[in-house]
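Next up, input30.txt (compact mmCIF, C-alpha atoms):
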# COMPACT_ATOMS: atom_id res chain seq x y z
CA MET B 389 0.66 14.78 53.90
CA GLN B 390 -1.72 11.83 53.76
CA PRO B 391 -2.72 10.57 50.34
CA GLU B 392 -6.28 11.12 49.33
CA ALA B 393 -8.49 8.11 49.99
CA HIS B 394 -10.41 6.73 47.04
CA THR B 395 -13.68 4.97 47.71
CA HIS B 396 -15.66 3.04 45.14
CA LYS B 397 -19.37 2.60 45.70
CA MET B 398 -21.65 0.35 43.74
CA MET B 399 -24.08 2.53 41.80
CA PRO B 400 -27.73 1.57 41.39
CA VAL B 401 -28.81 0.58 37.91
CA SER B 402 -30.77 3.81 37.43
CA VAL B 403 -27.76 5.96 38.33
CA TYR B 404 -25.52 3.88 36.08
CA GLU B 405 -27.87 4.44 33.13
CA SER B 406 -27.82 8.19 33.80
CA VAL B 407 -24.00 8.24 33.71
CA VAL B 408 -23.37 6.13 30.60
CA PRO B 409 -24.03 8.20 27.45
CA ARG B 410 -26.76 6.89 25.20
CA PRO B 411 -26.74 6.97 21.38
CA ARG B 412 -27.97 10.27 20.01
CA GLY B 413 -31.45 10.39 18.50
CA ARG B 414 -33.15 12.34 15.70
CA LEU B 415 -34.35 15.27 17.79
CA PRO B 416 -32.09 17.87 16.06
CA GLN B 417 -33.56 16.92 12.67
CA VAL B 418 -37.11 17.17 14.00
CA CYS B 419 -36.42 20.58 15.55
CA GLY B 420 -34.80 21.77 12.33
CA LEU B 421 -37.81 20.70 10.31
CA VAL B 422 -40.22 22.50 12.65
CA VAL B 423 -38.17 25.70 12.63
CA SER B 424 -37.92 25.59 8.83
CA VAL B 425 -41.67 25.28 8.44
CA VAL B 426 -42.24 28.19 10.82
CA CYS B 427 -39.74 30.36 8.91
CA VAL B 428 -41.38 29.55 5.58
CA LEU B 429 -44.82 30.44 6.96
CA MET B 430 -43.52 33.75 8.31
CA ALA B 431 -41.87 34.49 4.96
CA GLY B 432 -45.18 33.72 3.19
CA VAL B 433 -46.89 36.37 5.30
CA CYS B 434 -44.36 39.02 4.30
CA VAL B 435 -44.24 38.38 0.55
CA SER B 436 -46.61 37.09 -2.13
CA ASP B 437 -46.85 33.43 -3.04
CA ASN B 438 -45.35 33.86 -6.51
CA THR B 439 -42.39 35.85 -5.18
CA ILE B 440 -41.57 33.42 -2.39
CA LEU B 441 -41.47 30.47 -4.79
CA ASN B 442 -39.08 32.27 -7.12
CA GLN B 443 -36.84 33.34 -4.24
CA ALA B 444 -36.83 29.85 -2.75
CA LYS B 445 -35.82 28.46 -6.13
CA VAL B 446 -32.94 30.93 -6.39
CA VAL B 447 -31.75 30.21 -2.84
CA LEU B 448 -31.85 26.44 -3.31
CA TYR B 449 -30.10 26.73 -6.64
CA GLY B 450 -27.40 28.99 -5.18
CA LEU B 451 -26.71 26.73 -2.21
CA GLY B 452 -26.62 23.66 -4.46
CA VAL B 453 -24.14 25.30 -6.82
CA GLY B 454 -22.04 26.30 -3.81
CA VAL B 455 -21.88 22.69 -2.61
CA VAL B 456 -20.89 21.55 -6.11
CA LEU B 457 -18.11 24.15 -6.28
CA TYR B 458 -16.78 23.15 -2.87
CA ALA B 459 -16.73 19.50 -3.95
CA ALA B 460 -14.74 20.56 -7.01
CA CYS B 461 -12.21 22.29 -4.73
CA LEU B 462 -11.87 19.10 -2.69
CA LEU B 463 -11.33 17.09 -5.85
CA VAL B 464 -8.44 19.33 -6.92
CA GLU B 465 -6.57 18.64 -3.66
CA GLU B 466 -7.30 14.90 -3.62
CA ALA B 467 -6.48 14.39 -7.31
CA THR B 468 -3.19 16.27 -7.21
CA SER B 469 -1.79 15.06 -3.87
CA HIS B 470 -3.58 11.95 -2.61
CA PHE B 471 -4.94 10.07 -5.60
CA MET B 472 -2.57 7.11 -5.37
CA GLN B 473 -1.88 6.94 -1.64
CA ARG B 474 -5.39 7.40 -0.27
CA TYR B 475 -7.54 5.97 -3.08
CA ASN B 476 -5.23 3.42 -4.73
CA SER B 477 -5.69 5.26 -8.05
CA SER B 478 -9.46 4.71 -7.93
CA VAL B 479 -11.43 7.55 -9.51
CA SER B 480 -14.75 6.23 -8.20
CA GLY B 481 -13.41 6.03 -4.65
CA MET B 482 -12.16 9.60 -4.83
CA LEU B 483 -15.48 10.84 -6.19
CA ARG B 484 -17.43 9.06 -3.44
CA ALA B 485 -15.21 10.68 -0.82
CA CYS B 486 -15.52 14.24 -2.20
CA VAL B 487 -18.93 14.47 -3.83
CA CYS B 488 -22.29 14.30 -2.09
CA TRP B 489 -24.47 12.60 -4.69
CA ARG B 490 -27.69 13.82 -3.07
CA VAL B 491 -26.79 17.47 -3.65
CA GLN B 492 -25.62 16.81 -7.21
CA ALA B 493 -28.89 15.00 -7.93
CA ALA B 494 -30.94 17.85 -6.45
CA VAL B 495 -29.11 20.46 -8.56
CA ALA B 496 -29.57 18.33 -11.69
CA VAL B 497 -33.29 17.87 -11.03
CA LEU B 498 -33.78 21.57 -10.37
CA THR B 499 -31.96 22.41 -13.61
CA LEU B 500 -34.10 20.01 -15.62
CA VAL B 501 -37.27 21.42 -14.09
CA CYS B 502 -36.27 24.95 -15.03
CA VAL B 503 -35.36 23.91 -18.58
CA PHE B 504 -38.47 21.86 -19.40
CA SER B 505 -40.91 24.20 -17.66
CA GLY B 506 -39.66 27.15 -19.67
CA ASP B 507 -39.14 29.06 -16.43
CA ALA B 508 -35.48 29.86 -16.99
CA LEU B 509 -33.62 32.09 -14.57
CA SER B 510 -33.41 35.74 -15.48
CA GLY B 511 -30.19 37.68 -15.49
CA ASP B 512 -30.77 39.05 -11.98
CA GLU B 513 -31.65 35.61 -10.66
CA ARG B 514 -28.51 34.07 -12.16
CA GLY B 515 -26.49 36.80 -10.49
CA ARG B 516 -28.08 36.03 -7.11
CA VAL B 517 -27.39 32.31 -7.61
CA LEU B 518 -23.70 32.98 -8.21
CA LEU B 519 -23.56 35.37 -5.25
CA LEU B 520 -25.14 32.80 -2.93
CA ALA B 521 -22.75 30.12 -4.22
CA ALA B 522 -19.76 32.39 -3.60
CA CYS B 523 -20.98 33.23 -0.08
CA TYR B 524 -21.45 29.56 0.76
CA LEU B 525 -17.99 28.73 -0.59
CA LEU B 526 -16.33 31.50 1.43
CA LEU B 527 -18.14 30.49 4.62
CA LYS B 528 -17.15 26.86 4.06
CA ILE B 529 -13.45 27.39 3.39
CA SER B 530 -13.15 29.92 6.23
CA GLY B 531 -14.37 27.32 8.72
CA LEU B 532 -17.48 29.21 9.78
CA LEU B 533 -19.62 26.28 8.64
CA ALA B 534 -17.31 23.68 10.21
CA PRO B 535 -19.07 20.91 12.17
CA SER B 536 -19.46 21.42 15.89
CA ALA B 537 -18.02 19.11 18.52
CA VAL B 538 -21.40 17.37 18.81
CA GLU B 539 -21.53 16.75 15.06
CA ILE B 540 -17.99 15.39 15.01
CA SER B 541 -18.79 13.08 17.90
CA GLU B 542 -21.92 11.86 16.13
CA ILE B 543 -19.97 11.14 12.94
CA CYS B 544 -17.30 9.19 14.81
CA GLU B 545 -19.84 7.20 16.79
CA SER B 546 -22.11 6.42 13.85
CA HIS B 547 -19.24 5.37 11.56
CA ARG B 548 -17.18 3.54 14.24
CA MET B 549 -14.16 5.61 13.33
CA ASN B 550 -12.43 5.41 16.72
CA VAL B 551 -11.63 1.69 16.61
CA ALA B 552 -7.98 1.86 15.52
CA HIS B 553 -7.11 4.86 17.65
CA GLY B 554 -8.46 3.31 20.83
CA LEU B 555 -6.91 -0.10 20.15
CA ALA B 556 -3.49 1.42 19.48
CA TRP B 557 -3.48 3.29 22.78
CA SER B 558 -4.75 0.22 24.62
CA PHE B 559 -2.02 -1.93 23.08
CA TYR B 560 0.62 0.58 24.14
CA LEU B 561 -0.57 1.41 27.64
CA GLY B 562 -1.78 -2.07 28.51
CA TYR B 563 1.07 -4.11 27.08
CA LEU B 564 4.01 -2.52 25.22
CA LYS B 565 4.75 0.09 27.88
CA LEU B 566 4.90 -2.70 30.45
CA VAL B 567 7.14 -5.20 28.63
CA LEU B 568 9.46 -3.14 26.41
CA PRO B 569 11.40 -1.19 29.09
CA SER B 570 12.67 -4.43 30.66
CA LEU B 571 13.28 -6.24 27.38
CA GLU B 572 17.08 -5.85 27.34
CA ALA B 573 17.44 -7.13 30.91
CA ARG B 574 15.22 -10.13 30.17
CA VAL B 575 17.19 -10.94 27.01
CA GLU B 576 20.42 -10.85 29.01
CA GLN B 577 18.89 -13.14 31.62
CA TYR B 578 17.66 -15.48 28.89
CA ASN B 579 21.12 -15.67 27.30
CA LYS B 580 22.72 -16.38 30.67
CA GLN B 581 20.31 -19.22 31.32
CA LEU B 582 21.14 -20.81 27.98
CA GLY B 583 24.81 -19.93 28.00
CA HIS B 584 26.09 -17.26 25.63
CA ALA B 585 27.56 -19.86 23.28
CA ALA B 586 24.33 -21.86 23.02
CA GLU B 587 22.47 -22.17 19.76
CA GLY B 588 19.27 -20.42 20.86
CA THR B 589 20.80 -17.23 22.25
CA LEU B 590 19.69 -13.83 21.03
CA THR B 591 22.48 -11.89 19.34
CA GLY B 592 22.68 -9.15 16.76
CA PRO B 593 21.20 -5.64 16.60
CA TRP B 594 17.68 -7.08 16.65
CA ALA B 595 18.22 -9.16 19.79
CA SER B 596 16.62 -6.69 22.21
CA ARG B 597 13.75 -5.64 19.97
CA LEU B 598 10.20 -6.92 19.87
CA HIS B 599 9.18 -7.55 16.26
CA ILE B 600 5.44 -6.96 15.87
CA LEU B 601 3.67 -8.37 12.81
CA LEU B 602 0.73 -6.37 11.42
CA PRO B 603 -0.98 -8.12 8.48
CA LEU B 604 -3.20 -5.76 6.51
CA ASN B 605 -5.95 -8.37 6.35
CA ALA B 606 -5.88 -8.56 10.20
CA SER B 607 -5.73 -12.36 10.01
CA VAL B 608 -3.57 -13.43 12.97
CA SER B 609 -2.73 -17.09 13.52
CA ALA B 610 -2.44 -18.54 16.99
CA ARG B 611 0.79 -20.27 15.96
CA LEU B 612 3.19 -18.63 13.52
CA GLU B 613 4.41 -22.09 12.47
CA ASP B 614 1.03 -22.61 10.82
CA ASP B 615 1.74 -19.73 8.44
CA ASP B 616 5.34 -20.66 7.64
CA PRO B 617 7.20 -23.83 8.68
CA ARG B 618 10.48 -21.91 8.62
CA VAL B 619 9.31 -19.82 11.58
CA ARG B 620 9.73 -22.03 14.63
CA PHE B 621 8.94 -21.30 18.24
CA ARG B 622 11.92 -21.83 20.54
CA GLU B 623 10.88 -20.77 24.03
CA SER B 624 9.65 -17.82 26.09
CA LEU B 625 11.69 -15.04 27.61
CA PRO B 626 11.63 -14.56 31.41
CA THR B 627 8.20 -13.22 32.26
CA VAL B 628 7.13 -9.85 33.65
CA GLU B 629 4.80 -10.03 36.64
CA MET B 630 2.92 -7.14 38.22
CA ASP B 631 -0.33 -6.35 39.96
CA ARG B 632 -2.67 -4.97 37.34
CA ALA B 633 -6.33 -3.88 37.62
CA GLY B 634 -6.98 -6.04 40.65
CA VAL B 635 -5.18 -9.10 39.27
CA ARG B 636 -2.29 -10.16 41.47
CA ASN B 637 0.94 -11.17 39.74
CA ARG B 638 -0.43 -10.85 36.22
CA VAL B 639 2.06 -12.46 33.83
CA TYR B 640 3.31 -10.88 30.60
CA LYS B 641 5.58 -12.92 28.34
CA ASN B 642 7.32 -12.75 24.98
CA SER B 643 8.32 -15.57 22.68
CA VAL B 644 11.64 -16.30 20.98
CA TYR B 645 11.45 -17.70 17.44
CA SER B 646 14.01 -19.17 15.08
CA VAL B 647 13.66 -18.09 11.47
CA VAL B 648 15.47 -20.24 8.91
CA ASP B 649 16.46 -18.91 5.50
CA ALA B 650 16.74 -20.88 2.25
CA ASN B 651 20.35 -21.82 3.04
CA GLY B 652 19.53 -23.21 6.46
CA GLN B 653 20.98 -20.25 8.35
CA VAL B 654 19.15 -19.62 11.64
CA TYR B 655 18.14 -16.20 12.95
CA ASN B 656 16.73 -15.92 16.47
CA CYS B 657 14.46 -13.02 17.34
CA ILE B 658 11.59 -11.97 19.59
CA LEU B 659 8.45 -12.14 17.50
CA GLU B 660 4.68 -11.89 17.84
CA SER B 661 1.62 -10.53 16.09
CA ALA B 662 -0.33 -7.49 17.22
CA THR B 663 -3.21 -8.92 19.23
CA PRO B 664 -5.55 -5.93 18.63
CA LEU B 665 -5.75 -7.02 15.00
CA MET B 666 -7.55 -10.14 16.20
CA THR B 667 -10.22 -7.84 17.61
CA MET B 668 -10.57 -6.06 14.26
CA TYR B 669 -10.82 -9.36 12.41
CA GLN B 670 -13.48 -10.70 14.74
CA MET B 671 -15.41 -7.42 14.51
CA SER B 672 -15.49 -7.77 10.73
CA GLN B 673 -17.15 -11.18 11.21
CA GLU B 674 -19.94 -9.72 13.37
CA SER B 675 -22.82 -8.10 11.50
CA THR B 676 -23.77 -5.99 14.52
CA ALA B 677 -20.34 -4.29 14.51
CA ALA B 678 -20.94 -2.72 11.05
CA PHE B 679 -17.25 -3.26 10.32
CA GLY B 680 -16.71 -4.42 6.75
CA LEU B 681 -13.59 -5.65 4.97
CA SER B 682 -12.68 -2.27 3.47
CA GLU B 683 -13.17 -0.56 6.84
CA ARG B 684 -11.00 -3.22 8.49
CA ARG B 685 -8.10 -2.64 6.11
CA GLN B 686 -8.19 1.11 6.60
CA GLN B 687 -8.42 0.70 10.35
CA VAL B 688 -5.33 -1.55 10.29
CA LEU B 689 -3.47 1.20 8.47
CA LEU B 690 -4.69 3.76 10.95
CA PHE B 691 -3.72 1.44 13.80
CA TYR B 692 -0.20 1.17 12.39
CA ARG B 693 0.13 4.93 11.97
CA THR B 694 -1.22 5.68 15.43
CA LEU B 695 0.93 3.05 17.13
CA GLN B 696 4.02 4.24 15.30
CA SER B 697 3.36 7.81 16.41
CA ILE B 698 2.85 6.72 20.02
CA LEU B 699 5.99 4.60 20.15
CA ASP B 700 8.10 7.22 18.39
CA SER B 701 7.36 9.67 21.20
CA SER B 702 7.90 7.12 24.00
CA LEU B 703 11.35 7.29 25.60
CA GLU B 704 10.70 4.01 27.41
CA CYS B 705 10.11 2.07 24.20
CA ARG B 706 12.60 3.70 21.85
CA ASN B 707 14.81 1.24 19.90
CA ARG B 708 13.06 -1.70 21.55
CA TYR B 709 10.53 -2.53 18.84
CA ARG B 710 10.07 -2.92 15.12
CA LEU B 711 6.75 -2.88 13.30
CA ILE B 712 6.45 -5.16 10.27
CA LEU B 713 3.42 -4.36 8.13
CA LEU B 714 2.53 -7.30 5.89
CA ASP B 715 0.56 -6.90 2.68
CA GLY B 716 -2.25 -9.44 2.82
CA GLU B 717 -2.79 -9.45 -0.96
CA THR B 718 0.85 -10.25 -1.60
CA GLN B 719 0.70 -12.86 1.14
CA ASN B 720 -2.24 -14.56 -0.55
CA ALA B 721 -0.48 -14.40 -3.92
CA HIS B 722 2.51 -16.25 -2.47
CA ALA B 723 0.53 -18.59 -0.25
CA GLY B 724 1.63 -21.58 -2.30
CA GLU B 725 5.27 -20.95 -1.46
CA ASP B 726 4.67 -21.40 2.31
CA HIS B 727 7.62 -19.12 3.09
CA PHE B 728 6.20 -15.63 2.68
CA LEU B 729 6.33 -14.82 6.39
CA SER B 730 9.91 -15.95 6.95
CA THR B 731 11.06 -14.01 3.87
CA GLU B 732 9.58 -10.79 5.19
CA ILE B 733 10.98 -11.29 8.69
CA LEU B 734 14.46 -12.06 7.35
CA ARG B 735 14.42 -8.91 5.24
CA HIS B 736 13.74 -6.84 8.32
CA LEU B 737 16.38 -8.62 10.38
CA GLN B 738 19.02 -8.16 7.72
CA GLN B 739 17.96 -4.55 7.22
CA GLN B 740 18.60 -3.90 10.91
CA ASP B 741 22.05 -5.46 10.62
CA ARG B 742 22.88 -3.21 7.69
CA GLU B 743 21.61 -0.17 9.59
CA GLU B 744 23.50 -0.91 12.82
CA PHE B 745 25.79 1.82 14.14
CA PRO B 746 29.31 0.46 14.61
CA MET B 747 30.00 0.77 18.34
CA GLU B 748 33.74 0.22 17.92
CA PRO B 749 36.26 0.50 15.08
CA PRO B 750 35.78 -2.35 12.62
CA ALA B 751 38.22 -5.22 12.91
CA LYS B 752 40.68 -5.97 10.17
CA ASP B 753 38.91 -9.22 9.34
CA ALA B 754 35.49 -7.52 9.07
CA ARG B 755 34.93 -9.11 5.66
CA ARG B 756 34.82 -12.78 6.58
CA PRO B 757 34.81 -15.67 4.17
CA THR B 758 31.57 -17.36 3.33
CA GLU B 759 32.37 -20.27 5.63
CA GLU B 760 32.64 -17.99 8.66
CA MET B 761 29.40 -16.25 7.79
CA GLY B 762 27.67 -19.63 7.69
CA SER B 763 28.95 -20.57 11.14
CA GLN B 764 27.89 -17.19 12.48
CA GLY B 765 24.30 -17.98 11.52
CA ALA B 766 23.93 -20.41 14.39
CA ASN B 767 23.88 -17.45 16.75
CA GLY B 768 21.18 -15.75 14.72
CA ARG B 769 23.26 -12.97 13.18
CA ALA B 770 24.09 -12.22 9.59
CA ALA B 771 27.40 -10.48 8.90
CA LEU B 772 26.37 -7.48 6.84
CA PRO B 773 27.77 -3.93 6.58
CA GLY B 774 26.65 -1.37 9.15
CA GLY B 775 24.48 1.66 8.63
CA PRO B 776 22.33 4.14 10.57
CA MET B 777 20.12 2.74 13.32
CA SER B 778 16.40 2.46 12.74
CA SER B 779 13.87 1.50 15.41
CA ILE B 780 10.91 1.05 13.09
CA SER B 781 10.26 0.50 9.44
CA LEU B 782 7.42 -0.28 7.07
CA MET B 783 7.60 -2.76 4.25
CA ILE B 784 4.67 -3.74 2.06
CA SER B 785 6.17 -6.67 0.24
CA GLY B 786 6.65 -6.67 -3.46
CA ASP B 787 8.43 -9.46 -5.31
CA SER B 788 9.19 -12.11 -2.73
CA SER B 789 11.56 -13.87 -5.11
CA LYS B 790 14.16 -11.15 -4.58
CA THR B 791 16.63 -11.64 -1.78
CA LEU B 792 18.26 -8.90 0.25
CA THR B 793 22.00 -8.71 -0.25
CA PRO B 794 24.57 -6.29 1.18
CA ASP B 795 25.04 -4.62 -2.22
CA MET B 796 21.34 -4.25 -2.94
CA PRO B 797 19.78 -1.00 -1.62
CA HIS B 798 16.44 -1.78 -0.05
CA THR B 799 14.60 1.10 1.51
CA LEU B 800 11.77 0.44 3.95
CA ARG B 801 10.66 4.03 4.39
CA ALA B 802 7.43 3.94 2.40
CA GLU B 803 4.26 5.18 4.06
CA PRO B 804 1.12 3.00 4.09
CA GLU B 805 -1.75 4.04 1.92
CA GLU B 806 -4.72 5.62 3.60
CA ASN B 807 -8.30 6.24 2.62
CA SER B 808 -9.78 9.60 3.58
CA GLU B 809 -13.17 7.99 4.23
CA PHE B 810 -11.74 6.86 7.56
Any chance you could put this one into structure tokens?
Amino acid sequence: MQPEAHTHKMMPVSVYESVVPRPRGRLPQVCGLVVSVVCVLMAGVCVSDNTILNQAKVVLYGLGVGVVLYAACLLVEEATSHFMQRYNSSVSGMLRACVCWRVQAAVAVLTLVCVFSGDALSGDERGRVLLLAACYLLLKISGLLAPSAVEISEICESHRMNVAHGLAWSFYLGYLKLVLPSLEARVEQYNKQLGHAAEGTLTGPWASRLHILLPLNASVSARLEDDDPRVRFRESLPTVEMDRAGVRNRVYKNSVYSVVDANGQVYNCILESATPLMTMYQMSQESTAAFGLSERRQQVLLFYRTLQSILDSSLECRNRYRLILLDGETQNAHAGEDHFLSTEILRHLQQQDREEFPMEPPAKDARRPTEEMGSQGANGRAALPGGPMSSISLMISGDSSKTLTPDMPHTLRAEPEENSEF
């Protein structure tokens, strides 16, 4: 059976404009306004002027109270379960996310008008207000008033909420899925070229893993040595070449770095920053992108969560990566020390050594003297007890003055905070 032939024709500009979707306009609002006016005029024909004003007041009041009650229900959930993680214990941030100030202002104004005009609601009118509020609340929580697909698309497009999701998939499909499956073979080739006893070889449980740095402030340096002099570039792994999107023999490469601790012990690992974060950072510098600092931070968190989910479900990339999320505020606080980055990397490397599954029964001399541990550092491996394997972890740094020791439990299982506005 012959494969289907694919032909690509150059489209005229007019056809191209008809294919590419344009931003949505204000036509739905205009249509809604026209229909509302027509309905009010038809209602005015059926009932008297005085009656229609009273009924409109009751309806508006009832719907406004319903919106207020639904906001209160949202506040209960956010305050009890997500106050710290999503809003960083900020009451104002939680209120802005749950409460629509326009509706609250309208209800307050309507209440003041009724009070000062002396036209208070009667008992029957108060009953209808509560009934309308209850109906609105039931329709809202049942999902009958849920936004349509068009409304959801408009919200995402207008608020640029798809940035992190799209960048995470692009990073995976366009890069990680291409380089990670062959990482072990390229590390073996690299070690053979140097000689397995050479100083720059990759050894240890982290040797065949790509360590990806994700700073929360999205500030990515072109050279990691500029951020920390203890992180030193050694050389590149053997490259991956393939034909990609019309480019013949496109080259993909990874870099080997040496990370030196305070005692001069050297750890070699494959290290780089997530390049999509550069895109986020540059977007935050462009006024036309409407991508502020707070949006950038939340999108970095969403990028981390999305990328972690993608890689967790990828059999080709399993146990070949490690995500290191760096807290930008803590990094700035320790900027004078010049060794924040190396401290965080070393914690992750040592954590992997502690979590390594023993592949064979431990030798009798498993607990080596301090001198032997120092000589082992030239090969980039710290002699620490084993533990369960972990392919990914998250660590938002705390006190950088603490060092990770074999007897100190140090969990890296915390989840990043998230803001529900994004």
Please compute the CA of Tyr524 in chain B-CA of Leu448 in chain B distance, one decimal, in Å. 11.6 Å
Nearest to Leu714 in chain B: which of B:Cys657, B:Val425, B:Met668, B:Ala606 is it, counting all atoms listed in the file?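 Under the stated criterion, the closest residue is B:Ala606.
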Length of the CA of Leu555 in chain B to CA of Leu695 in chain B vector [Å]: 9.0 Å
For CA of Val551 in chain B and CA of Ser607 in chain B, the interatomic separation in Å (one decimal):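 Here the two named atoms are 16.6 Å from each other.
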Please identify all polymer residues lying at most 10 Å from the point (-21.5, 20.4, -3.7) (file coordinates), using only C-alpha atoms, and present the result as JSON, numbers by chain. {"B": [451, 452, 453, 454, 455, 456, 457, 458, 459, 460, 461, 462, 486, 487, 488, 489, 490, 491, 492, 495, 521, 525]}
Find the residue from B:Tyr709, B:Trp557, B:Tyr449, B:Phe728 that sits nearest to Asp649 in chain B; use all atoms listed in the file when measuring.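 The answer is B:Phe728, which sits nearest to Asp649 in chain B.
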Report as a PDB file with C-alpha atoms, in the coordinates of the input all protein, DNA and RNA residues lying within 6 Å of Thr589 in chain B, evaluated on only C-alpha atoms, omitting residues in the same chain fewer than 2 positions from it.
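Dumped everything to selection.pdb:
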ATOM      1  CA  ASN B 579      21.120 -15.670  27.300  1.00  0.00           C
ATOM      2  CA  ALA B 586      24.330 -21.860  23.020  1.00  0.00           C
ATOM      3  CA  GLU B 587      22.470 -22.170  19.760  1.00  0.00           C
TER       4      GLU B 587
END
I'd like the contact shell of range 575-577 of chain B - 9 Å cut-off, only C-alpha atoms, skipping same-chain residues fewer than 3 positions apart - returned as number ranges by chain. B: 570-572, 580-582, 589-590, 595-596, 625-626
Output, as lines of an AutoDock Vina configuration file, the centre and edge lengths in Å (one decimal) of the axis-aligned box that contains all listed atoms of range 572-582 of chain B with 4 Å of margin on each side.
center_x = 19.0
center_y = -13.3
center_z = 29.3
size_x = 15.5
size_y = 23.0
size_z = 12.6
Neighbours of Arg620 in chain B within 9 Å (all atoms listed in the file; same-chain residues fewer than 2 positions away dropped), as a PDB file with C-alpha atoms, in the coordinates of the input?
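Saved to result_1.pdb:
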ATOM      1  CA  LEU B 612       3.190 -18.630  13.520  1.00  0.00           C
ATOM      2  CA  GLU B 613       4.410 -22.090  12.470  1.00  0.00           C
ATOM      3  CA  ASP B 616       5.340 -20.660   7.640  1.00  0.00           C
ATOM      4  CA  PRO B 617       7.200 -23.830   8.680  1.00  0.00           C
ATOM      5  CA  ARG B 618      10.480 -21.910   8.620  1.00  0.00           C
ATOM      6  CA  ARG B 622      11.920 -21.830  20.540  1.00  0.00           C
ATOM      7  CA  VAL B 644      11.640 -16.300  20.980  1.00  0.00           C
ATOM      8  CA  TYR B 645      11.450 -17.700  17.440  1.00  0.00           C
ATOM      9  CA  SER B 646      14.010 -19.170  15.080  1.00  0.00           C
ATOM     10  CA  VAL B 647      13.660 -18.090  11.470  1.00  0.00           C
ATOM     11  CA  VAL B 648      15.470 -20.240   8.910  1.00  0.00           C
TER      12      VAL B 648
END
My list of candidates is B:Arg412, B:Arg708, B:His470, B:Lys641. Which is closest to Cys544 in chain B when distances are computed with only C-alpha atoms?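 That would be B:Arg412, the residue with the smallest distance to Cys544 in chain B.
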What lies within 12 Å of Met666 in chain B using all atoms listed in the file, ignoring chain neighbours under 4 positions off, as an MDAnalysis selection string? chainID B and resid 555 601:610 661:662 670:673 684 688
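Nearest to Val447 in chain B of all the residues B:Arg410, B:Arg710, B:Arg514, B:Arg574 is B:Arg514, based on only C-alpha atoms.
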Taking only C-alpha atoms into account, name the residue in B:Met630, B:Val619, B:Val639, B:Val497 that is nearest to His727 in chain B. B:Val619
Using all atoms listed in the file: which of B:Tyr640, B:Gln443, B:Tyr560, B:Trp594 has the shortest distance to Leu520 in chain B: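 Selected residue with least distance to Leu520 in chain B: B:Gln443.
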